[in-house]
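Chemist: File coords_15.tsv below, TSV, C-alpha atoms:
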```tsv
chain	number	residue	atom	x	y	z
D	1	MET	CA	-160.12	-167.26	-86.40
D	2	PHE	CA	-161.98	-169.56	-84.00
D	3	THR	CA	-159.51	-172.44	-83.74
D	4	LEU	CA	-160.08	-175.93	-82.38
D	5	THR	CA	-157.93	-174.98	-79.41
D	6	ALA	CA	-160.14	-171.97	-78.72
D	7	ALA	CA	-163.22	-174.11	-79.04
D	8	ALA	CA	-161.84	-176.64	-76.59
D	9	THR	CA	-161.15	-173.84	-74.12
D	10	VAL	CA	-164.71	-172.54	-74.41
D	11	PHE	CA	-166.24	-175.95	-73.87
D	12	SER	CA	-163.96	-176.64	-70.92
D	13	VAL	CA	-165.37	-173.65	-69.02
D	14	ILE	CA	-169.02	-174.16	-70.00
D	15	PRO	CA	-169.82	-176.07	-66.77
D	16	SER	CA	-168.46	-173.15	-64.75
D	17	ILE	CA	-170.47	-170.64	-66.77
D	18	LEU	CA	-173.71	-172.58	-66.54
D	19	ALA	CA	-173.38	-173.69	-62.92
D	20	GLN	CA	-176.52	-172.78	-60.98
D	21	THR	CA	-176.93	-175.06	-57.98
D	22	VAL	CA	-174.98	-177.59	-55.93
D	23	TRP	CA	-177.13	-180.57	-54.95
D	24	LEU	CA	-176.26	-183.01	-52.17
D	25	ALA	CA	-177.26	-186.68	-52.03
D	26	GLY	CA	-176.31	-188.66	-48.95
D	27	ASP	CA	-177.32	-189.96	-45.53
D	28	SER	CA	-177.66	-188.47	-42.02
D	29	THR	CA	-174.00	-187.45	-41.88
D	30	MET	CA	-174.84	-184.98	-44.66
D	31	ALA	CA	-178.53	-184.31	-43.99
D	32	GLU	CA	-180.21	-181.34	-42.37
D	33	GLY	CA	-180.89	-182.28	-38.77
D	34	GLY	CA	-178.62	-185.32	-38.94
D	35	ASP	CA	-180.65	-188.27	-37.69
D	36	GLY	CA	-182.98	-186.02	-35.70
D	37	ALA	CA	-181.80	-187.05	-32.23
D	38	ALA	CA	-181.86	-184.18	-29.75
D	39	LEU	CA	-178.63	-183.24	-28.05
D	40	ASP	CA	-179.75	-180.84	-25.33
D	41	GLY	CA	-183.43	-180.18	-25.96
D	42	THR	CA	-182.79	-177.19	-28.18
D	43	THR	CA	-180.03	-178.23	-30.54
D	44	CYS	CA	-180.04	-181.28	-32.77
D	45	ASN	CA	-177.14	-183.02	-34.41
D	46	THR	CA	-176.73	-182.08	-38.02
D	47	GLY	CA	-175.04	-183.17	-41.20
D	48	TRP	CA	-172.17	-181.34	-42.85
D	49	GLY	CA	-174.26	-180.45	-45.89
D	50	GLN	CA	-175.96	-177.69	-43.92
D	51	TYR	CA	-172.67	-175.80	-43.63
D	52	LEU	CA	-171.40	-176.08	-47.18
D	53	SER	CA	-173.20	-173.04	-48.60
D	54	GLN	CA	-171.19	-170.60	-46.45
D	55	TYR	CA	-168.08	-171.63	-48.39
D	56	LEU	CA	-169.48	-171.40	-51.94
D	57	ASN	CA	-170.73	-168.68	-54.25
D	58	LEU	CA	-173.52	-170.96	-55.44
D	59	PRO	CA	-176.75	-172.04	-53.73
D	60	VAL	CA	-176.72	-175.48	-52.13
D	61	THR	CA	-179.78	-177.75	-52.05
D	62	ASN	CA	-179.40	-180.53	-49.51
D	63	LYS	CA	-181.38	-183.63	-50.55
D	64	ALA	CA	-179.61	-186.01	-48.13
D	65	VAL	CA	-181.96	-188.27	-46.14
D	66	ALA	CA	-181.09	-189.92	-42.84
D	67	GLY	CA	-180.85	-193.68	-42.83
D	68	THR	CA	-180.37	-194.10	-46.55
D	69	SER	CA	-177.78	-196.00	-48.54
D	70	ALA	CA	-176.88	-196.05	-52.22
D	71	ARG	CA	-179.47	-198.82	-52.62
D	72	SER	CA	-182.35	-197.27	-50.63
D	73	PHE	CA	-181.75	-193.80	-52.10
D	74	THR	CA	-182.37	-195.58	-55.40
D	75	SER	CA	-185.30	-197.79	-54.38
D	76	LEU	CA	-187.12	-194.94	-52.61
D	77	GLY	CA	-187.01	-192.90	-55.81
D	78	LEU	CA	-184.81	-190.22	-54.27
D	79	PHE	CA	-182.20	-190.41	-57.02
D	80	ALA	CA	-184.96	-190.34	-59.64
D	81	SER	CA	-186.45	-187.21	-58.06
D	82	LEU	CA	-183.04	-185.56	-57.92
D	83	ILE	CA	-182.34	-186.42	-61.55
D	84	ASP	CA	-185.66	-184.83	-62.53
D	85	ASP	CA	-184.83	-181.63	-60.63
D	86	VAL	CA	-181.27	-180.92	-61.77
D	87	LYS	CA	-180.45	-178.64	-64.65
D	88	SER	CA	-177.53	-178.66	-67.04
D	89	GLY	CA	-174.43	-177.29	-65.34
D	90	ASP	CA	-175.58	-178.14	-61.81
D	91	TYR	CA	-173.18	-180.05	-59.55
D	92	VAL	CA	-174.30	-183.08	-57.55
D	93	VAL	CA	-172.22	-184.39	-54.64
D	94	ILE	CA	-172.95	-188.08	-53.98
D	95	GLU	CA	-171.74	-189.52	-50.68
D	96	PHE	CA	-172.86	-192.84	-49.20
D	97	GLY	CA	-171.39	-195.75	-47.26
D	98	HIS	CA	-172.45	-195.54	-43.62
D	99	ASN	CA	-175.64	-197.57	-44.14
D	100	ASP	CA	-174.52	-199.78	-47.02
D	101	GLY	CA	-172.98	-202.64	-45.05
D	102	SER	CA	-174.31	-206.18	-44.75
D	103	ALA	CA	-177.39	-206.54	-42.53
D	104	GLY	CA	-177.21	-210.21	-41.57
D	105	ALA	CA	-179.88	-212.87	-42.08
D	106	ILE	CA	-182.76	-210.43	-42.67
D	107	ASP	CA	-182.46	-207.64	-45.22
D	108	ASN	CA	-182.76	-204.09	-43.87
D	109	GLY	CA	-183.49	-202.41	-47.19
D	110	ASP	CA	-180.12	-200.62	-47.20
D	111	GLU	CA	-177.44	-203.27	-47.61
D	112	ASP	CA	-175.70	-203.69	-50.97
D	113	ALA	CA	-174.29	-206.81	-52.52
D	114	VAL	CA	-170.75	-207.25	-51.15
D	115	GLY	CA	-168.05	-206.47	-53.69
D	116	ASP	CA	-167.06	-203.74	-56.10
D	117	ALA	CA	-168.09	-205.22	-59.47
D	118	TYR	CA	-170.79	-203.30	-61.31
D	119	ASN	CA	-172.72	-206.42	-62.31
D	120	LEU	CA	-172.44	-208.15	-58.94
D	121	THR	CA	-175.74	-209.25	-57.37
D	122	ALA	CA	-176.88	-211.06	-54.24
D	123	THR	CA	-180.17	-212.50	-53.04
D	124	VAL	CA	-181.41	-211.32	-49.64
D	125	THR	CA	-184.28	-212.51	-47.46
D	126	GLU	CA	-186.96	-210.09	-46.32
D	127	ALA	CA	-188.74	-210.14	-42.96
D	128	ASP	CA	-191.79	-211.80	-44.56
D	129	GLY	CA	-189.67	-214.61	-45.99
D	130	SER	CA	-189.66	-213.32	-49.57
D	131	THR	CA	-186.39	-212.73	-51.40
D	132	GLU	CA	-184.97	-209.85	-53.40
D	133	VAL	CA	-182.02	-209.53	-55.74
D	134	ILE	CA	-179.82	-206.59	-54.81
D	135	HIS	CA	-176.87	-204.95	-56.55
D	136	SER	CA	-173.49	-203.58	-55.58
D	137	PHE	CA	-172.74	-200.11	-54.22
D	138	ASN	CA	-170.92	-199.42	-57.47
D	139	PHE	CA	-174.01	-200.34	-59.49
D	140	TYR	CA	-176.31	-197.93	-57.68
D	141	ILE	CA	-173.86	-195.02	-57.61
D	142	THR	CA	-172.74	-195.52	-61.20
D	143	ASN	CA	-176.30	-195.60	-62.54
D	144	ALA	CA	-177.21	-192.43	-60.65
D	145	ALA	CA	-174.07	-190.63	-61.80
D	146	LEU	CA	-174.55	-191.58	-65.45
D	147	SER	CA	-178.20	-190.50	-65.37
D	148	LEU	CA	-177.18	-187.15	-63.88
D	149	THR	CA	-174.51	-186.74	-66.54
D	150	ALA	CA	-177.09	-187.42	-69.22
D	151	LYS	CA	-179.09	-184.46	-67.87
D	152	GLY	CA	-176.01	-182.25	-68.19
D	153	ALA	CA	-175.32	-182.22	-64.45
D	154	ILE	CA	-171.83	-182.82	-63.08
D	155	PRO	CA	-171.57	-185.56	-60.42
D	156	ILE	CA	-168.85	-185.45	-57.80
D	157	ILE	CA	-168.25	-188.74	-56.00
D	158	SER	CA	-167.33	-188.22	-52.35
D	159	SER	CA	-166.29	-190.97	-49.95
D	160	GLN	CA	-168.11	-191.48	-46.67
D	161	THR	CA	-166.90	-189.60	-43.60
D	162	PRO	CA	-165.18	-191.32	-40.65
D	163	ASP	CA	-166.88	-192.47	-37.48
D	164	ASN	CA	-165.34	-191.19	-34.25
D	165	ILE	CA	-163.39	-194.40	-33.70
D	166	TRP	CA	-159.68	-194.13	-33.02
D	167	ASP	CA	-156.71	-196.44	-33.26
D	168	GLY	CA	-154.14	-194.79	-31.06
D	169	ASN	CA	-153.61	-191.23	-32.27
D	170	VAL	CA	-155.23	-191.78	-35.67
D	171	LEU	CA	-158.72	-192.61	-36.82
D	172	ALA	CA	-159.56	-196.23	-37.54
D	173	ALA	CA	-159.13	-197.46	-41.11
D	174	PRO	CA	-161.96	-196.66	-43.53
D	175	SER	CA	-164.63	-199.13	-44.60
D	176	ARG	CA	-164.62	-200.81	-47.99
D	177	PHE	CA	-167.02	-198.16	-49.32
D	178	VAL	CA	-164.26	-195.56	-49.44
D	179	PRO	CA	-162.27	-197.38	-52.16
D	180	TYR	CA	-165.57	-198.39	-53.78
D	181	ALA	CA	-166.45	-194.71	-54.20
D	182	GLN	CA	-163.03	-193.99	-55.63
D	183	GLU	CA	-163.44	-196.83	-58.10
D	184	VAL	CA	-166.82	-195.55	-59.27
D	185	ALA	CA	-165.29	-192.14	-59.94
D	186	GLY	CA	-162.28	-193.60	-61.73
D	187	ASN	CA	-164.33	-195.97	-63.87
D	188	ASN	CA	-166.54	-193.13	-65.06
D	189	SER	CA	-164.00	-190.28	-65.30
D	190	LEU	CA	-165.69	-188.35	-62.49
D	191	VAL	CA	-164.14	-186.12	-59.85
D	192	TYR	CA	-163.48	-187.96	-56.59
D	193	ILE	CA	-163.18	-186.30	-53.18
D	194	ASP	CA	-161.65	-188.49	-50.47
D	195	HIS	CA	-163.78	-186.89	-47.79
D	196	TYR	CA	-162.76	-189.59	-45.32
D	197	ASP	CA	-159.10	-188.67	-45.66
D	198	TYR	CA	-159.65	-184.92	-45.41
D	199	VAL	CA	-161.84	-185.30	-42.33
D	200	ALA	CA	-159.26	-187.65	-40.79
D	201	GLN	CA	-156.55	-185.09	-41.47
D	202	ALA	CA	-158.59	-182.37	-39.74
D	203	TYR	CA	-159.55	-184.57	-36.80
D	204	GLU	CA	-156.06	-185.86	-36.18
D	205	ALA	CA	-154.74	-182.30	-36.16
D	206	LEU	CA	-157.32	-181.40	-33.50
D	207	GLY	CA	-156.82	-184.57	-31.44
D	208	GLU	CA	-159.21	-187.16	-30.02
D	209	THR	CA	-160.17	-185.16	-26.93
D	210	THR	CA	-161.47	-182.26	-28.99
D	211	VAL	CA	-163.09	-184.46	-31.62
D	212	ASP	CA	-164.96	-186.38	-28.92
D	213	THR	CA	-166.88	-183.19	-28.18
D	214	PHE	CA	-168.20	-183.26	-31.76
D	215	TYR	CA	-170.09	-186.51	-31.05
D	216	PRO	CA	-172.40	-186.03	-28.06
D	217	VAL	CA	-174.93	-188.68	-29.16
D	218	ASP	CA	-172.89	-191.53	-30.69
D	219	HIS	CA	-169.76	-192.13	-32.77
D	220	LEU	CA	-171.45	-191.23	-36.07
D	221	HIS	CA	-173.57	-188.08	-35.80
D	222	THR	CA	-171.90	-184.70	-35.41
D	223	SER	CA	-172.80	-181.64	-33.41
D	224	PRO	CA	-173.11	-178.39	-35.39
D	225	THR	CA	-169.46	-177.60	-34.58
D	226	GLY	CA	-168.33	-181.00	-35.76
D	227	ALA	CA	-170.47	-180.81	-38.89
D	228	ASN	CA	-168.81	-177.54	-39.82
D	229	VAL	CA	-165.36	-179.13	-39.49
D	230	VAL	CA	-166.52	-181.93	-41.80
D	231	ALA	CA	-167.83	-179.35	-44.29
D	232	GLU	CA	-164.49	-177.55	-44.20
D	233	ALA	CA	-162.77	-180.85	-44.93
D	234	PHE	CA	-164.93	-181.35	-48.01
D	235	VAL	CA	-164.09	-177.86	-49.22
D	236	ARG	CA	-160.38	-178.58	-48.76
D	237	GLY	CA	-160.80	-181.75	-50.81
D	238	LEU	CA	-162.67	-179.78	-53.46
D	239	LEU	CA	-159.91	-177.15	-53.64
D	240	CYS	CA	-157.37	-179.93	-54.10
D	241	SER	CA	-159.39	-181.57	-56.89
D	242	GLU	CA	-159.73	-180.85	-60.60
D	243	SER	CA	-163.42	-179.98	-60.32
D	244	PRO	CA	-164.48	-176.66	-61.87
D	245	LEU	CA	-166.69	-176.26	-58.80
D	246	LYS	CA	-163.62	-175.10	-56.91
D	247	ASN	CA	-163.84	-171.88	-58.92
D	248	PHE	CA	-166.96	-171.07	-56.89
D	249	VAL	CA	-165.28	-171.44	-53.49
D	250	ASN	CA	-165.46	-168.08	-51.74
D	251	SER	CA	-162.87	-166.40	-49.51
D	252	ALA	CA	-164.11	-168.24	-46.41
D	253	GLY	CA	-163.72	-171.53	-48.24
D	254	GLN	CA	-160.25	-170.61	-49.46
D	255	ALA	CA	-159.26	-170.18	-45.82
D	256	VAL	CA	-160.32	-173.61	-44.53
D	257	PRO	CA	-157.51	-175.54	-42.80
D	258	SER	CA	-155.49	-178.58	-43.88
D	259	GLU	CA	-153.44	-179.33	-46.97
D	260	CYS	CA	-153.87	-181.38	-50.11
D	261	SER	CA	-153.36	-185.11	-49.65
D	262	GLU	CA	-150.74	-186.74	-51.77
```
Could you take the file, read its structure, and then write that structure out as structure tokens?
Modeler:
Amino acid sequence: MFTLTAAATVFSVIPSILAQTVWLAGDSTMAEGGDGAALDGTTCNTGWGQYLSQYLNLPVTNKAVAGTSARSFTSLGLFASLIDDVKSGDYVVIEFGHNDGSAGAIDNGDEDAVGDAYNLTATVTEADGSTEVIHSFNFYITNAALSLTAKGAIPIISSQTPDNIWDGNVLAAPSRFVPYAQEVAGNNSLVYIDHYDYVAQAYEALGETTVDTFYPVDHLHTSPTGANVVAEAFVRGLLCSESPLKNFVNSAGQAVPSECSE
């Protein structure tokens, strides 16, 4: 007899059965080529998204775009394009925060309204003197995640990665967008990866001197070696999560360093 319990078990594994592609939405810290700045004439900085596929048994499509925020990824139609492309069972990792901060007197097209309330708005002034009403980080990320869910895709909310800024022997405290991301995930029953914490754990184990070599351009954009460490940190966070995507982590991914955060 096909019991309710059996049915629940079947439906619980459907996302794993149907999974086809992992999509990435984020900024230069995730994007192919990073922000495009040359390091030595032959090698460019790069985002961690370019190294994720070596740890998964699923194809990875990196749609991250340098310089974007939750707001501009929305206003530029990048979320809309991604939502059109995904198929049921696909996973979508959403990670923003580096470009979402306040811009000052003149809007930069990336800043979000300050605060974590979904319905929070603010009015900003453009360079031509016109004004625009903008929304919170939580608004933009929540709307994208719910639209993806409606398509049958499975969003994973990941917090932004750390900058290479230290406070003694530990990395500086995270920005407000790390708890914002966690709140979005919690409010919408989505998997949350504290990528900031897992990167910090990896970096602090390596030490500041070594980590400094990962940032030859500035304190934000990683070398290929650094980007791979950041990718490993995401995989560790994934393995420590409840996401069915962890069932697609291959043997190389199972071997990434660090431990689950409490």
Chemist: Neighbouring residues of Asn164 in chain D were defined as those with any atom within 8 Å, considering only C-alpha atoms; residues of the same chain fewer than 4 positions away were excluded. Please report them as a ChimeraX atom specification.
Modeler: /D:171,211-212,215,219-220
Chemist: Ranking D:Leu239, D:Ile157, D:Ala202, D:Val114 by minimum distance to Gly26 in chain D and counting only C-alpha atoms, which one comes first?
Modeler: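 Closest candidate: D:Ile157.
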Chemist: Which residue gives the smallest distance to Lys151 in chain D among D:Ile83, D:Val235, D:Leu24, D:Val256, with all atoms listed in the file counted?
Modeler: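 Distance minimum relative to Lys151 in chain D lands on D:Ile83.
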Chemist: What is the CA of Ser251 in chain D to CA of Thr21 in chain D distance in Å?
Modeler: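 Going from CA of Ser251 in chain D over to CA of Thr21 in chain D, I get 18.6 Å.
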Chemist: Please return as a list of chain:residue names every residue within 9 Å of (-180.5, -181.6, -41.9), taking into account all atoms listed in the file and the file's own coordinates.
Modeler: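 It turns out the residues near that spot are D:Ser28, D:Thr29, D:Met30, D:Ala31, D:Glu32, D:Gly33, D:Gly34, D:Asp35, D:Gly36, D:Asn45, D:Thr46, D:Gly47, D:Trp48, D:Gly49, D:Gln50, D:Asn62, D:Lys63, D:Ala64, D:Val65, D:Ala66.
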Chemist: Do you have the CA of Ser130 in chain D-CA of Ala103 in chain D distance handy?
Modeler: 15.7 Å
Chemist: What is the distance, in Å and to one decimal place, between CA of Ile154 in chain D and CA of Arg236 in chain D?
Modeler: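 Atom-to-atom, CA of Ile154 in chain D to CA of Arg236 in chain D, that is 18.8 Å.
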Chemist: Would you please work out which residue, of D:Gln20, D:Ala181, D:Thr210, D:Tyr51, is nearest to Pro224 in chain D when using all atoms listed in the file?
Modeler: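 Nearest candidate to Pro224 in chain D out of D:Gln20, D:Ala181, D:Thr210, D:Tyr51: D:Tyr51.
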Chemist: May I have the residues at most 12 Å from (-164.9, -174.7, -57.8) in the file's coordinates, counting all atoms listed in the file, as a PyMOL selection string?
Modeler: chain D and resi 13+15-17+19+22+55-58+90-91+154+156+191+234-251+253-254
Chemist: Return the single residue from D:Lys87, D:Thr161, D:Phe214, D:Tyr198 that is closest to Ser258 in chain D, with distances computed using only C-alpha atoms.
Modeler: D:Tyr198
Chemist: Of the residues D:Asp27, D:Asp194, D:Glu126, D:Glu232, which is the one nearest to Gly109 in chain D, using all atoms listed in the file?
Modeler: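 Going through D:Asp27, D:Asp194, D:Glu126, D:Glu232 one by one, the smallest distance to Gly109 in chain D is for D:Glu126.
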Chemist: Gly101 in chain D: which residues within 8 Å, counting all atoms listed in the file, same-chain residues fewer than 6 positions away excluded, as a PDB file with C-alpha atoms, in the coordinates of the input?
Modeler:
```
ATOM      1  CA  ASP D 110    -180.120-200.620 -47.200  1.00  0.00           C
ATOM      2  CA  GLU D 111    -177.440-203.270 -47.610  1.00  0.00           C
ATOM      3  CA  ASP D 112    -175.700-203.690 -50.970  1.00  0.00           C
ATOM      4  CA  VAL D 114    -170.750-207.250 -51.150  1.00  0.00           C
TER       5      VAL D 114
END
```
Chemist: Quick one: of D:Pro162, D:Gly97, D:Gly104, D:Gly89, who's nearest to Ala70 in chain D, counting all atoms listed in the file?
Modeler: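 Going through D:Pro162, D:Gly97, D:Gly104, D:Gly89 one by one, the smallest distance to Ala70 in chain D is for D:Gly97.
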Chemist: Against range 133-145 of chain D, which residues of range 167-244 of chain D fall within 10 Å? For each one I want the closest pair of atoms and the distance in Å (one decimal), counting only C-alpha atoms, rows by chain and increasing residue number, as CSV.
Modeler:
```
residue,atom,partner,partner_atom,distance
D:Phe177,CA,D:Phe137,CA,7.8
D:Tyr180,CA,D:Asn138,CA,6.6
D:Ala181,CA,D:Asn138,CA,7.3
D:Gln182,CA,D:Asn138,CA,9.8
D:Glu183,CA,D:Asn138,CA,7.9
D:Val184,CA,D:Asn138,CA,5.9
D:Ala185,CA,D:Thr142,CA,8.3
D:Asn187,CA,D:Thr142,CA,8.8
D:Asn188,CA,D:Thr142,CA,7.7
D:Leu190,CA,D:Ala145,CA,8.7
```
Chemist: Please, could you write that set of residues out with C-alpha atoms as a PDB file, keeping the file's coordinate frame?
Modeler:
```pdb
ATOM      1  CA  PHE D 177    -167.020-198.160 -49.320  1.00  0.00           C
ATOM      2  CA  TYR D 180    -165.570-198.390 -53.780  1.00  0.00           C
ATOM      3  CA  ALA D 181    -166.450-194.710 -54.200  1.00  0.00           C
ATOM      4  CA  GLN D 182    -163.030-193.990 -55.630  1.00  0.00           C
ATOM      5  CA  GLU D 183    -163.440-196.830 -58.100  1.00  0.00           C
ATOM      6  CA  VAL D 184    -166.820-195.550 -59.270  1.00  0.00           C
ATOM      7  CA  ALA D 185    -165.290-192.140 -59.940  1.00  0.00           C
ATOM      8  CA  ASN D 187    -164.330-195.970 -63.870  1.00  0.00           C
ATOM      9  CA  ASN D 188    -166.540-193.130 -65.060  1.00  0.00           C
ATOM     10  CA  LEU D 190    -165.690-188.350 -62.490  1.00  0.00           C
TER      11      LEU D 190
END
```
Chemist: Some atoms are absent from range 113-123 of chain D, so rebuild all heavy atoms and return them as a PDB file, in the coordinates of the input.
Modeler:
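Output file rebuild08.pdb follows:
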```pdb
ATOM      1  N   ALA D 113    -175.040-205.594 -52.280  1.00  0.00           N
ATOM      2  CA  ALA D 113    -174.290-206.810 -52.520  1.00  0.00           C
ATOM      3  C   ALA D 113    -172.813-206.543 -52.247  1.00  0.00           C
ATOM      4  O   ALA D 113    -172.286-205.492 -52.617  1.00  0.00           O
ATOM      5  CB  ALA D 113    -174.477-207.278 -53.970  1.00  0.00           C
ATOM      6  N   VAL D 114    -172.144-207.464 -51.570  1.00  0.00           N
ATOM      7  CA  VAL D 114    -170.750-207.250 -51.150  1.00  0.00           C
ATOM      8  C   VAL D 114    -169.817-207.436 -52.344  1.00  0.00           C
ATOM      9  O   VAL D 114    -169.825-208.469 -53.005  1.00  0.00           O
ATOM     10  CB  VAL D 114    -170.360-208.222 -50.024  1.00  0.00           C
ATOM     11  CG1 VAL D 114    -168.903-208.028 -49.629  1.00  0.00           C
ATOM     12  CG2 VAL D 114    -171.272-208.025 -48.815  1.00  0.00           C
ATOM     13  N   GLY D 115    -169.005-206.420 -52.594  1.00  0.00           N
ATOM     14  CA  GLY D 115    -168.050-206.470 -53.690  1.00  0.00           C
ATOM     15  C   GLY D 115    -168.138-205.197 -54.519  1.00  0.00           C
ATOM     16  O   GLY D 115    -169.084-204.412 -54.399  1.00  0.00           O
ATOM     17  N   ASP D 116    -167.130-204.995 -55.355  1.00  0.00           N
ATOM     18  CA  ASP D 116    -167.060-203.740 -56.100  1.00  0.00           C
ATOM     19  C   ASP D 116    -167.394-203.875 -57.574  1.00  0.00           C
ATOM     20  O   ASP D 116    -167.344-202.885 -58.308  1.00  0.00           O
ATOM     21  CB  ASP D 116    -165.683-203.110 -55.953  1.00  0.00           C
ATOM     22  CG  ASP D 116    -164.569-204.010 -56.485  1.00  0.00           C
ATOM     23  OD1 ASP D 116    -164.851-205.170 -56.858  1.00  0.00           O
ATOM     24  OD2 ASP D 116    -163.409-203.547 -56.498  1.00  0.00           O
ATOM     25  N   ALA D 117    -167.774-205.053 -58.056  1.00  0.00           N
ATOM     26  CA  ALA D 117    -168.090-205.220 -59.470  1.00  0.00           C
ATOM     27  C   ALA D 117    -169.448-204.611 -59.789  1.00  0.00           C
ATOM     28  O   ALA D 117    -170.407-204.774 -59.034  1.00  0.00           O
ATOM     29  CB  ALA D 117    -168.077-206.700 -59.840  1.00  0.00           C
ATOM     30  N   TYR D 118    -169.529-203.950 -60.917  1.00  0.00           N
ATOM     31  CA  TYR D 118    -170.790-203.300 -61.310  1.00  0.00           C
ATOM     32  C   TYR D 118    -171.921-204.308 -61.438  1.00  0.00           C
ATOM     33  O   TYR D 118    -173.046-204.049 -60.988  1.00  0.00           O
ATOM     34  CB  TYR D 118    -170.585-202.567 -62.641  1.00  0.00           C
ATOM     35  CG  TYR D 118    -171.861-201.966 -63.200  1.00  0.00           C
ATOM     36  CD1 TYR D 118    -172.289-200.712 -62.768  1.00  0.00           C
ATOM     37  CD2 TYR D 118    -172.621-202.652 -64.147  1.00  0.00           C
ATOM     38  CE1 TYR D 118    -173.457-200.154 -63.272  1.00  0.00           C
ATOM     39  CE2 TYR D 118    -173.792-202.099 -64.654  1.00  0.00           C
ATOM     40  CZ  TYR D 118    -174.206-200.854 -64.208  1.00  0.00           C
ATOM     41  OH  TYR D 118    -175.375-200.311 -64.704  1.00  0.00           O
ATOM     42  N   ASN D 119    -171.670-205.440 -62.039  1.00  0.00           N
ATOM     43  CA  ASN D 119    -172.720-206.420 -62.310  1.00  0.00           C
ATOM     44  C   ASN D 119    -172.954-207.414 -61.184  1.00  0.00           C
ATOM     45  O   ASN D 119    -173.738-208.361 -61.325  1.00  0.00           O
ATOM     46  CB  ASN D 119    -172.412-207.194 -63.608  1.00  0.00           C
ATOM     47  CG  ASN D 119    -172.530-206.315 -64.832  1.00  0.00           C
ATOM     48  OD1 ASN D 119    -173.431-205.477 -64.910  1.00  0.00           O
ATOM     49  ND2 ASN D 119    -171.634-206.490 -65.790  1.00  0.00           N
ATOM     50  N   LEU D 120    -172.301-207.241 -60.052  1.00  0.00           N
ATOM     51  CA  LEU D 120    -172.440-208.150 -58.940  1.00  0.00           C
ATOM     52  C   LEU D 120    -173.843-208.064 -58.329  1.00  0.00           C
ATOM     53  O   LEU D 120    -174.394-206.981 -58.151  1.00  0.00           O
ATOM     54  CB  LEU D 120    -171.411-207.813 -57.867  1.00  0.00           C
ATOM     55  CG  LEU D 120    -171.375-208.701 -56.623  1.00  0.00           C
ATOM     56  CD1 LEU D 120    -170.849-210.078 -56.966  1.00  0.00           C
ATOM     57  CD2 LEU D 120    -170.505-208.059 -55.550  1.00  0.00           C
ATOM     58  N   THR D 121    -174.435-209.223 -58.037  1.00  0.00           N
ATOM     59  CA  THR D 121    -175.740-209.250 -57.370  1.00  0.00           C
ATOM     60  C   THR D 121    -175.699-210.231 -56.204  1.00  0.00           C
ATOM     61  O   THR D 121    -174.792-211.053 -56.092  1.00  0.00           O
ATOM     62  CB  THR D 121    -176.860-209.680 -58.330  1.00  0.00           C
ATOM     63  OG1 THR D 121    -176.599-211.004 -58.818  1.00  0.00           O
ATOM     64  CG2 THR D 121    -176.995-208.718 -59.504  1.00  0.00           C
ATOM     65  N   ALA D 122    -176.702-210.123 -55.342  1.00  0.00           N
ATOM     66  CA  ALA D 122    -176.880-211.060 -54.240  1.00  0.00           C
ATOM     67  C   ALA D 122    -178.376-211.180 -53.980  1.00  0.00           C
ATOM     68  O   ALA D 122    -179.157-210.275 -54.296  1.00  0.00           O
ATOM     69  CB  ALA D 122    -176.152-210.574 -52.986  1.00  0.00           C
ATOM     70  N   THR D 123    -178.777-212.291 -53.401  1.00  0.00           N
ATOM     71  CA  THR D 123    -180.170-212.500 -53.040  1.00  0.00           C
ATOM     72  C   THR D 123    -180.308-212.399 -51.530  1.00  0.00           C
ATOM     73  O   THR D 123    -179.592-213.079 -50.791  1.00  0.00           O
ATOM     74  CB  THR D 123    -180.675-213.867 -53.527  1.00  0.00           C
ATOM     75  OG1 THR D 123    -180.537-213.930 -54.955  1.00  0.00           O
ATOM     76  CG2 THR D 123    -182.137-214.071 -53.151  1.00  0.00           C
TER      77      THR D 123
END
```
